[in-house]
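What follows is a set of notes on a single structure, which appears directly below.
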Amino acid sequence: MANEQNQMQLQVGVGYKAILKIAMPIAAAILVPQVNFITNNIFLGALGEQQLALAGITGVYYLIFAVLGFGLNSGVQALIARRAGENRIDEIGNLFNQGIRITVVFAALGIFITYAIAPSILRLSLHNETNVQMAVSFLSIRIWGLPFLYQYQMRNALLVGTNQSRFLIIATIAETVTNIVLDYVLIYGHFGFPAMGFNGAAVASIAAEITGVVVMLAVMHSRGINKQLQLYKKFTYDAVNTKLILVQSFPIMLQYVLSVCSWEFFYILVEHHGERQLAISNTMRNIFGLFGCASWAFASATNAMVSNVIGQGLYKEVIGLIVKIMKLSTGFALAIFIILNIFAPYLFSIYGQGDEFIRESIPVVRVVSLALIIMSASTVWLNAVIGTGNTRINLFIEIGAIILYCIYAYTVLETLQGSLAAGWMAEWIYWFAMLIPSFIYMKSGIWKGKKI
């Protein structure tokens, strides 16, 4: 056992090669769920503009619970990375097991809320009763994927936190293939299956999430990761580590949930402008998800690497490391900016909504592509704060940014009845409001005294 553990390289370097080694597999892992979501939207777009518009509302609703798990993922990942940097392997498995316990409770709460509360919220928010009924029916199916998503996220945190992100790719490819095939089969009713329409996308997504978890388990077992990290050595309840995880993760979870809730608020405001605008906004979320994968991958790498480097006691290397990651992140974002602004009409044609839809989408994509550049820097500095362990700071930054975001969106879209492109400029405000205080906090050096 000792020999197996010593063979694992848990302490990371601070060069560009080390950054890319961690970030690129994460980018691939993040890209796959976005491909799944876009695939759903392409198939649903063929059913009609109403289905494409509703995919935005239901997608953001599910995303609220997904980011709750992602917040827990980020907190556990920072803790695991810190223990990896300190070379305390015996603590890693215990942290992982306590995280798994917490996800079971969260998944049960998410399912309960969806059945008991979500229908009333949707009826108060949406103007079209048909849309409400379709959304409720879809979510009552889709929410059952939550337990499997959370299990996947915890293993994601483990692999990234221990510098083994390359093993994420196999499971995410399996998940993508499953989702694409079942979307085609279940939405339209091929190979003897009934045509389930809108709800078919929900069933396909659940099956894909199950596949991802099963393959991930198989990969970890075959690679001996379970034994190397002593994952099942201690599975009993540990109150101390459970509290530590919740203390570290809760501000991040609340931060992400508030962020997505503000996005749902934005979608509700857009729904008041009509289904065309809502459908366009849904495609913009696809743009953010697909082309923001590189930025989120570098952000996740920042979290893990900053925590690991601090665990090694290399405080002087932290700011330099962050700057290197930011340069890579913004470089990818600039390339994406150019691609989007040149090829936008071709990208939107895949949704099959016609020339008018494409024409109205172009001004919005100009706004969104610039927001992606701002986001590429902002997410790196924000996740550096998470890596230091001062997660409450993240929450305070998020709250301030959301307040500005919501005030602007409501004023432009509801009060002034402004254009959709003007409404999407709220993203500029949001990401700048995240970037500036995160940068100031990290440069201040206050974080150096934080122990986790």
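Ligands are numbered from 1 in the order shown, chains are lettered A, B, ... in the order of the structure tokens, and residues start at 1 in each chain.
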
To test your reading of the structure, identify every residue in segment 55-260 of chain A that backbone DSSP assigns to helix (DSSP H, G or I), and report it as a ChimeraX atom specification.
/A:55-85,89-116,118-125,129-161,165-188,198-222,225-228,239-260

- Point-to-point distance in Å for atom CA of Asn286 of chain A and atom CA of Gly423 of chain A: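 Taking atom CA of Gly423 of chain A and atom CA of Asn286 of chain A, their separation equals 17.0 Å.
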
_When you count only C-alpha atoms, which of these residues is closest to Ile407 of chain A: A:Phe265, A:Tyr232, A:Phe43, A:Phe148?_
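For Ile407 of chain A, the nearest of the candidates is A:Phe265.
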
ask   = Quick one: of A:Phe396, A:Phe332, A:Phe288, A:Phe298, who's nearest to Leu258 of chain A, counting only C-alpha atoms?
value =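 Checking each of A:Phe396, A:Phe332, A:Phe288, A:Phe298 against Leu258 of chain A, counting only C-alpha atoms, the winner is A:Phe396.
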
Could you list, as a compact mmCIF listing (two decimals) with N, CA and C atoms, in the first residue's frame, every residue within 7 Å of segment 374-389 of chain A, counting only C-alpha atoms and ignoring same-chain residues fewer than 6 positions away?
```
# COMPACT_ATOMS: atom_id res chain seq x y z
N ALA A 78 -11.07 21.57 -3.02
CA ALA A 78 -10.05 22.41 -2.38
C ALA A 78 -9.45 21.71 -1.16
N GLN A 248 -16.71 24.80 4.57
CA GLN A 248 -15.96 25.25 3.40
C GLN A 248 -16.85 25.37 2.16
N SER A 295 -12.65 28.29 -20.00
CA SER A 295 -12.54 29.20 -18.85
C SER A 295 -12.85 28.49 -17.55
N TRP A 296 -13.92 27.67 -17.54
CA TRP A 296 -14.28 26.96 -16.32
C TRP A 296 -13.25 25.89 -15.97
N PHE A 298 -9.96 26.13 -16.59
CA PHE A 298 -8.84 26.84 -15.97
C PHE A 298 -9.22 27.33 -14.56
N ALA A 299 -10.48 27.68 -14.38
CA ALA A 299 -10.94 28.11 -13.06
C ALA A 299 -10.86 26.96 -12.07
N SER A 300 -11.32 25.77 -12.48
CA SER A 300 -11.26 24.60 -11.61
C SER A 300 -9.81 24.23 -11.31
N THR A 302 -7.39 26.32 -11.19
CA THR A 302 -6.90 27.34 -10.26
C THR A 302 -7.23 26.98 -8.83
N ASN A 303 -8.46 26.57 -8.59
CA ASN A 303 -8.90 26.15 -7.26
C ASN A 303 -7.98 25.07 -6.71
N ALA A 304 -7.81 23.99 -7.49
CA ALA A 304 -7.01 22.85 -7.03
C ALA A 304 -5.54 23.21 -6.88
N VAL A 306 -4.00 26.25 -6.58
CA VAL A 306 -3.72 27.23 -5.51
C VAL A 306 -3.75 26.54 -4.15
N SER A 307 -4.76 25.70 -3.92
CA SER A 307 -4.85 25.00 -2.64
C SER A 307 -3.67 24.05 -2.45
N MET A 326 -4.44 32.77 -15.81
CA MET A 326 -5.30 33.79 -16.42
C MET A 326 -4.88 34.06 -17.87
N SER A 329 -6.22 31.27 -19.95
CA SER A 329 -7.67 31.34 -20.01
C SER A 329 -8.15 32.43 -20.97
N THR A 330 -7.59 33.62 -20.84
CA THR A 330 -8.00 34.73 -21.72
C THR A 330 -7.54 34.49 -23.15
N ALA A 333 -10.14 32.41 -24.64
CA ALA A 333 -11.36 33.21 -24.79
C ALA A 333 -11.28 34.15 -25.98
N TRP A 431 -19.66 40.02 -14.43
CA TRP A 431 -18.30 39.47 -14.40
C TRP A 431 -17.27 40.50 -13.95
N PHE A 432 -17.48 41.76 -14.30
CA PHE A 432 -16.58 42.79 -13.78
C PHE A 432 -16.73 42.92 -12.26
N MET A 434 -17.38 40.60 -10.27
CA MET A 434 -16.71 39.45 -9.65
C MET A 434 -15.20 39.59 -9.73
N LEU A 435 -14.71 40.10 -10.85
CA LEU A 435 -13.28 40.18 -11.10
C LEU A 435 -12.56 41.14 -10.17
N SER A 438 -12.18 40.13 -6.36
CA SER A 438 -11.37 38.92 -6.25
C SER A 438 -9.90 39.24 -6.45
N PHE A 439 -9.61 40.07 -7.46
CA PHE A 439 -8.24 40.48 -7.73
C PHE A 439 -7.65 41.25 -6.55
N MET A 442 -6.91 38.83 -3.54
CA MET A 442 -5.73 37.98 -3.71
C MET A 442 -4.45 38.79 -3.63
N TRP A 447 -5.15 36.25 2.67
CA TRP A 447 -5.44 34.83 2.65
C TRP A 447 -4.29 33.96 3.20
N LYS A 450 -4.83 31.76 6.38
CA LYS A 450 -5.99 30.86 6.46
C LYS A 450 -5.54 29.41 6.48
N ILE A 452 -7.02 25.34 6.61
CA ILE A 452 -8.19 24.47 6.44
C ILE A 452 -7.78 23.02 6.62
```

Residue with the minimum atom-to-atom distance to Val181 of chain A, picked from A:Ile358, A:Lys233, A:Phe106, A:Asn40 with only C-alpha atoms counted, is A:Asn40

query: So which residues touch Ala208 of chain A within 6 Å, counting only C-alpha atoms, skipping near sequence neighbours fewer than 5 positions away, as a PyMOL selection string?
result: chain A and resi 175+178-179

task = Please provide as a PyMOL selection string all residues within 10 Å of segment 54-64 of chain A, with the sequence filter that same-chain residues fewer than 3 positions apart are discarded (counting only C-alpha atoms).
result = chain A and resi 37+40-41+44-45+49-51+67-70+110+114+118+122+126+131-132+134-136+138-139+142-143+145-146+198+201-202+253+256-261+263-265+267-268+271+275+278-286

Practice problem: Write out as number ranges by chain which residues come within 12 Å of Leu340 of chain A when counting only C-alpha atoms, dropping same-chain ones fewer than 6 positions away. | Solution: A: 284, 287-288, 290-292, 333-334, 346-348, 361-370, 372-373

Based on the selection just made, write N, CA and C atoms of those residues as an mmCIF file, in the first residue's frame.
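Output file result05.cif follows:
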```
data_model
loop_
_atom_site.group_PDB
_atom_site.id
_atom_site.type_symbol
_atom_site.label_atom_id
_atom_site.label_comp_id
_atom_site.auth_asym_id
_atom_site.auth_seq_id
_atom_site.Cartn_x
_atom_site.Cartn_y
_atom_site.Cartn_z
ATOM 1 N N MET A 284 -28.122 31.300 -26.264
ATOM 2 C CA MET A 284 -26.997 32.038 -25.681
ATOM 3 C C MET A 284 -26.413 31.283 -24.483
ATOM 4 N N ILE A 287 -24.157 28.881 -25.811
ATOM 5 C CA ILE A 287 -22.884 29.520 -26.170
ATOM 6 C C ILE A 287 -21.997 29.642 -24.931
ATOM 7 N N PHE A 288 -22.596 30.138 -23.832
ATOM 8 C CA PHE A 288 -21.849 30.281 -22.585
ATOM 9 C C PHE A 288 -21.319 28.929 -22.115
ATOM 10 N N LEU A 290 -20.914 25.978 -23.863
ATOM 11 C CA LEU A 290 -19.989 25.308 -24.763
ATOM 12 C C LEU A 290 -18.646 26.036 -24.848
ATOM 13 N N PHE A 291 -18.698 27.331 -25.141
ATOM 14 C CA PHE A 291 -17.464 28.074 -25.366
ATOM 15 C C PHE A 291 -16.831 28.585 -24.071
ATOM 16 N N GLY A 292 -17.552 28.448 -22.965
ATOM 17 C CA GLY A 292 -16.964 28.799 -21.675
ATOM 18 C C GLY A 292 -16.259 27.637 -20.994
ATOM 19 N N ALA A 333 -10.139 32.409 -24.642
ATOM 20 C CA ALA A 333 -11.361 33.205 -24.789
ATOM 21 C C ALA A 333 -11.278 34.149 -25.982
ATOM 22 N N LEU A 334 -10.110 34.731 -26.223
ATOM 23 C CA LEU A 334 -9.942 35.617 -27.380
ATOM 24 C C LEU A 334 -10.109 34.839 -28.689
ATOM 25 N N TYR A 346 -23.582 30.485 -38.978
ATOM 26 C CA TYR A 346 -23.505 29.046 -39.243
ATOM 27 C C TYR A 346 -23.799 28.244 -37.971
ATOM 28 N N LEU A 347 -23.334 28.757 -36.828
ATOM 29 C CA LEU A 347 -23.577 28.069 -35.564
ATOM 30 C C LEU A 347 -25.059 28.022 -35.227
ATOM 31 N N PHE A 348 -25.746 29.136 -35.464
ATOM 32 C CA PHE A 348 -27.165 29.198 -35.107
ATOM 33 C C PHE A 348 -28.054 28.458 -36.096
ATOM 34 N N SER A 361 -30.504 36.886 -33.469
ATOM 35 C CA SER A 361 -29.534 36.349 -32.521
ATOM 36 C C SER A 361 -28.165 37.023 -32.618
ATOM 37 N N ILE A 362 -27.809 37.513 -33.795
ATOM 38 C CA ILE A 362 -26.460 38.036 -34.029
ATOM 39 C C ILE A 362 -26.070 39.158 -33.057
ATOM 40 N N PRO A 363 -26.915 40.199 -32.828
ATOM 41 C CA PRO A 363 -26.507 41.255 -31.883
ATOM 42 C C PRO A 363 -26.258 40.717 -30.472
ATOM 43 N N VAL A 364 -27.010 39.697 -30.102
ATOM 44 C CA VAL A 364 -26.856 39.134 -28.759
ATOM 45 C C VAL A 364 -25.535 38.384 -28.639
ATOM 46 N N VAL A 365 -25.173 37.647 -29.691
ATOM 47 C CA VAL A 365 -23.929 36.883 -29.621
ATOM 48 C C VAL A 365 -22.713 37.810 -29.575
ATOM 49 N N ARG A 366 -22.825 39.000 -30.149
ATOM 50 C CA ARG A 366 -21.732 39.970 -30.032
ATOM 51 C C ARG A 366 -21.503 40.340 -28.563
ATOM 52 N N VAL A 367 -22.596 40.535 -27.850
ATOM 53 C CA VAL A 367 -22.518 40.881 -26.431
ATOM 54 C C VAL A 367 -21.963 39.713 -25.623
ATOM 55 N N VAL A 368 -22.470 38.518 -25.897
ATOM 56 C CA VAL A 368 -22.080 37.333 -25.137
ATOM 57 C C VAL A 368 -20.609 36.992 -25.373
ATOM 58 N N SER A 369 -20.129 37.140 -26.593
ATOM 59 C CA SER A 369 -18.729 36.798 -26.886
ATOM 60 C C SER A 369 -17.764 37.692 -26.118
ATOM 61 N N LEU A 370 -18.124 38.962 -25.938
ATOM 62 C CA LEU A 370 -17.279 39.853 -25.134
ATOM 63 C C LEU A 370 -17.361 39.481 -23.652
ATOM 64 N N LEU A 372 -17.642 36.557 -22.507
ATOM 65 C CA LEU A 372 -16.804 35.381 -22.306
ATOM 66 C C LEU A 372 -15.352 35.757 -22.015
ATOM 67 N N ILE A 373 -14.882 36.844 -22.621
ATOM 68 C CA ILE A 373 -13.510 37.295 -22.356
ATOM 69 C C ILE A 373 -13.387 37.796 -20.916
#
```

Identify, on the basis of only C-alpha atoms, every residue whose closest approach to Arg82 of chain A does not exceed 10 Å; exclude the query and any residue fewer than 2 positions from it along the same chain; express the result as a ChimeraX atom specification. /A:10-11,76-80,84-88,92,161-162,304-312,387-389,451-452

Once you have the residues from the selection above, write them out as an mmCIF file, in the first residue's frame, restricted to N, CA and C atoms.
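Printed below is selection_7.cif as written:
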```cif
data_model
loop_
_atom_site.group_PDB
_atom_site.id
_atom_site.type_symbol
_atom_site.label_atom_id
_atom_site.label_comp_id
_atom_site.auth_asym_id
_atom_site.auth_seq_id
_atom_site.Cartn_x
_atom_site.Cartn_y
_atom_site.Cartn_z
ATOM 1 N N LEU A 10 1.064 13.716 -6.125
ATOM 2 C CA LEU A 10 -0.054 14.531 -5.632
ATOM 3 C C LEU A 10 0.293 16.008 -5.526
ATOM 4 N N GLN A 11 1.573 16.337 -5.477
ATOM 5 C CA GLN A 11 1.983 17.741 -5.363
ATOM 6 C C GLN A 11 2.237 18.298 -6.762
ATOM 7 N N VAL A 76 -14.986 20.405 -1.557
ATOM 8 C CA VAL A 76 -14.294 19.141 -1.311
ATOM 9 C C VAL A 76 -12.999 19.085 -2.113
ATOM 10 N N GLN A 77 -13.047 19.585 -3.349
ATOM 11 C CA GLN A 77 -11.845 19.583 -4.195
ATOM 12 C C GLN A 77 -10.725 20.405 -3.572
ATOM 13 N N ALA A 78 -11.065 21.573 -3.020
ATOM 14 C CA ALA A 78 -10.053 22.413 -2.376
ATOM 15 C C ALA A 78 -9.453 21.707 -1.159
ATOM 16 N N LEU A 79 -10.305 21.035 -0.381
ATOM 17 C CA LEU A 79 -9.825 20.315 0.799
ATOM 18 C C LEU A 79 -8.933 19.140 0.400
ATOM 19 N N ILE A 80 -9.354 18.377 -0.612
ATOM 20 C CA ILE A 80 -8.561 17.234 -1.065
ATOM 21 C C ILE A 80 -7.227 17.709 -1.639
ATOM 22 N N ALA A 84 -3.549 16.823 -0.452
ATOM 23 C CA ALA A 84 -2.584 16.278 -1.417
ATOM 24 C C ALA A 84 -1.289 17.076 -1.374
ATOM 25 N N GLY A 85 -1.413 18.405 -1.306
ATOM 26 C CA GLY A 85 -0.227 19.249 -1.208
ATOM 27 C C GLY A 85 0.551 18.992 0.066
ATOM 28 N N GLU A 86 -0.165 18.664 1.143
ATOM 29 C CA GLU A 86 0.470 18.344 2.429
ATOM 30 C C GLU A 86 0.939 16.889 2.494
ATOM 31 N N ASN A 87 0.594 16.110 1.420
ATOM 32 C CA ASN A 87 0.938 14.691 1.325
ATOM 33 C C ASN A 87 0.277 13.864 2.433
ATOM 34 N N ARG A 88 -0.941 14.216 2.795
ATOM 35 C CA ARG A 88 -1.703 13.497 3.827
ATOM 36 C C ARG A 88 -2.753 12.619 3.141
ATOM 37 N N ILE A 92 -7.566 11.906 2.518
ATOM 38 C CA ILE A 92 -8.286 12.144 1.268
ATOM 39 C C ILE A 92 -9.513 11.249 1.138
ATOM 40 N N GLY A 161 -8.632 17.007 -7.534
ATOM 41 C CA GLY A 161 -7.913 17.375 -6.313
ATOM 42 C C GLY A 161 -6.644 16.591 -6.097
ATOM 43 N N THR A 162 -6.561 15.395 -6.706
ATOM 44 C CA THR A 162 -5.361 14.566 -6.553
ATOM 45 C C THR A 162 -4.517 14.527 -7.829
ATOM 46 N N ALA A 304 -7.807 23.986 -7.494
ATOM 47 C CA ALA A 304 -7.008 22.849 -7.034
ATOM 48 C C ALA A 304 -5.535 23.211 -6.882
ATOM 49 N N MET A 305 -4.986 23.935 -7.860
ATOM 50 C CA MET A 305 -3.550 24.211 -7.846
ATOM 51 C C MET A 305 -3.170 25.218 -6.759
ATOM 52 N N VAL A 306 -3.996 26.252 -6.578
ATOM 53 C CA VAL A 306 -3.716 27.226 -5.514
ATOM 54 C C VAL A 306 -3.747 26.542 -4.150
ATOM 55 N N SER A 307 -4.756 25.704 -3.920
ATOM 56 C CA SER A 307 -4.847 24.996 -2.641
ATOM 57 C C SER A 307 -3.666 24.055 -2.451
ATOM 58 N N ASN A 308 -3.286 23.349 -3.513
ATOM 59 C CA ASN A 308 -2.168 22.416 -3.433
ATOM 60 C C ASN A 308 -0.856 23.141 -3.149
ATOM 61 N N VAL A 309 -0.619 24.235 -3.851
ATOM 62 C CA VAL A 309 0.624 24.996 -3.672
ATOM 63 C C VAL A 309 0.697 25.591 -2.266
ATOM 64 N N ILE A 310 -0.436 26.083 -1.759
ATOM 65 C CA ILE A 310 -0.454 26.586 -0.384
ATOM 66 C C ILE A 310 -0.155 25.452 0.591
ATOM 67 N N GLY A 311 -0.708 24.251 0.297
ATOM 68 C CA GLY A 311 -0.430 23.087 1.134
ATOM 69 C C GLY A 311 1.047 22.736 1.165
ATOM 70 N N GLN A 312 1.758 23.038 0.082
ATOM 71 C CA GLN A 312 3.202 22.809 0.033
ATOM 72 C C GLN A 312 3.991 23.914 0.732
ATOM 73 N N GLY A 387 -9.587 28.495 -3.571
ATOM 74 C CA GLY A 387 -8.415 27.684 -3.260
ATOM 75 C C GLY A 387 -7.725 28.077 -1.968
ATOM 76 N N THR A 388 -7.849 29.344 -1.560
ATOM 77 C CA THR A 388 -7.245 29.768 -0.305
ATOM 78 C C THR A 388 -8.024 29.277 0.908
ATOM 79 N N GLY A 389 -9.274 28.863 0.696
ATOM 80 C CA GLY A 389 -10.118 28.414 1.802
ATOM 81 C C GLY A 389 -11.033 29.490 2.353
ATOM 82 N N LYS A 451 -6.052 28.641 7.473
ATOM 83 C CA LYS A 451 -5.779 27.208 7.580
ATOM 84 C C LYS A 451 -7.078 26.425 7.380
ATOM 85 N N ILE A 452 -7.016 25.338 6.606
ATOM 86 C CA ILE A 452 -8.195 24.471 6.439
ATOM 87 C C ILE A 452 -7.781 23.017 6.618
#
```

| request: Compare A:Val160, A:Ile141, A:Thr411, A:Tyr184 by their minimum atom-to-atom distance to Tyr115 of chain A, counting only C-alpha atoms, and give me the closest one. | output: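 For Tyr115 of chain A, the nearest of the candidates is A:Ile141.
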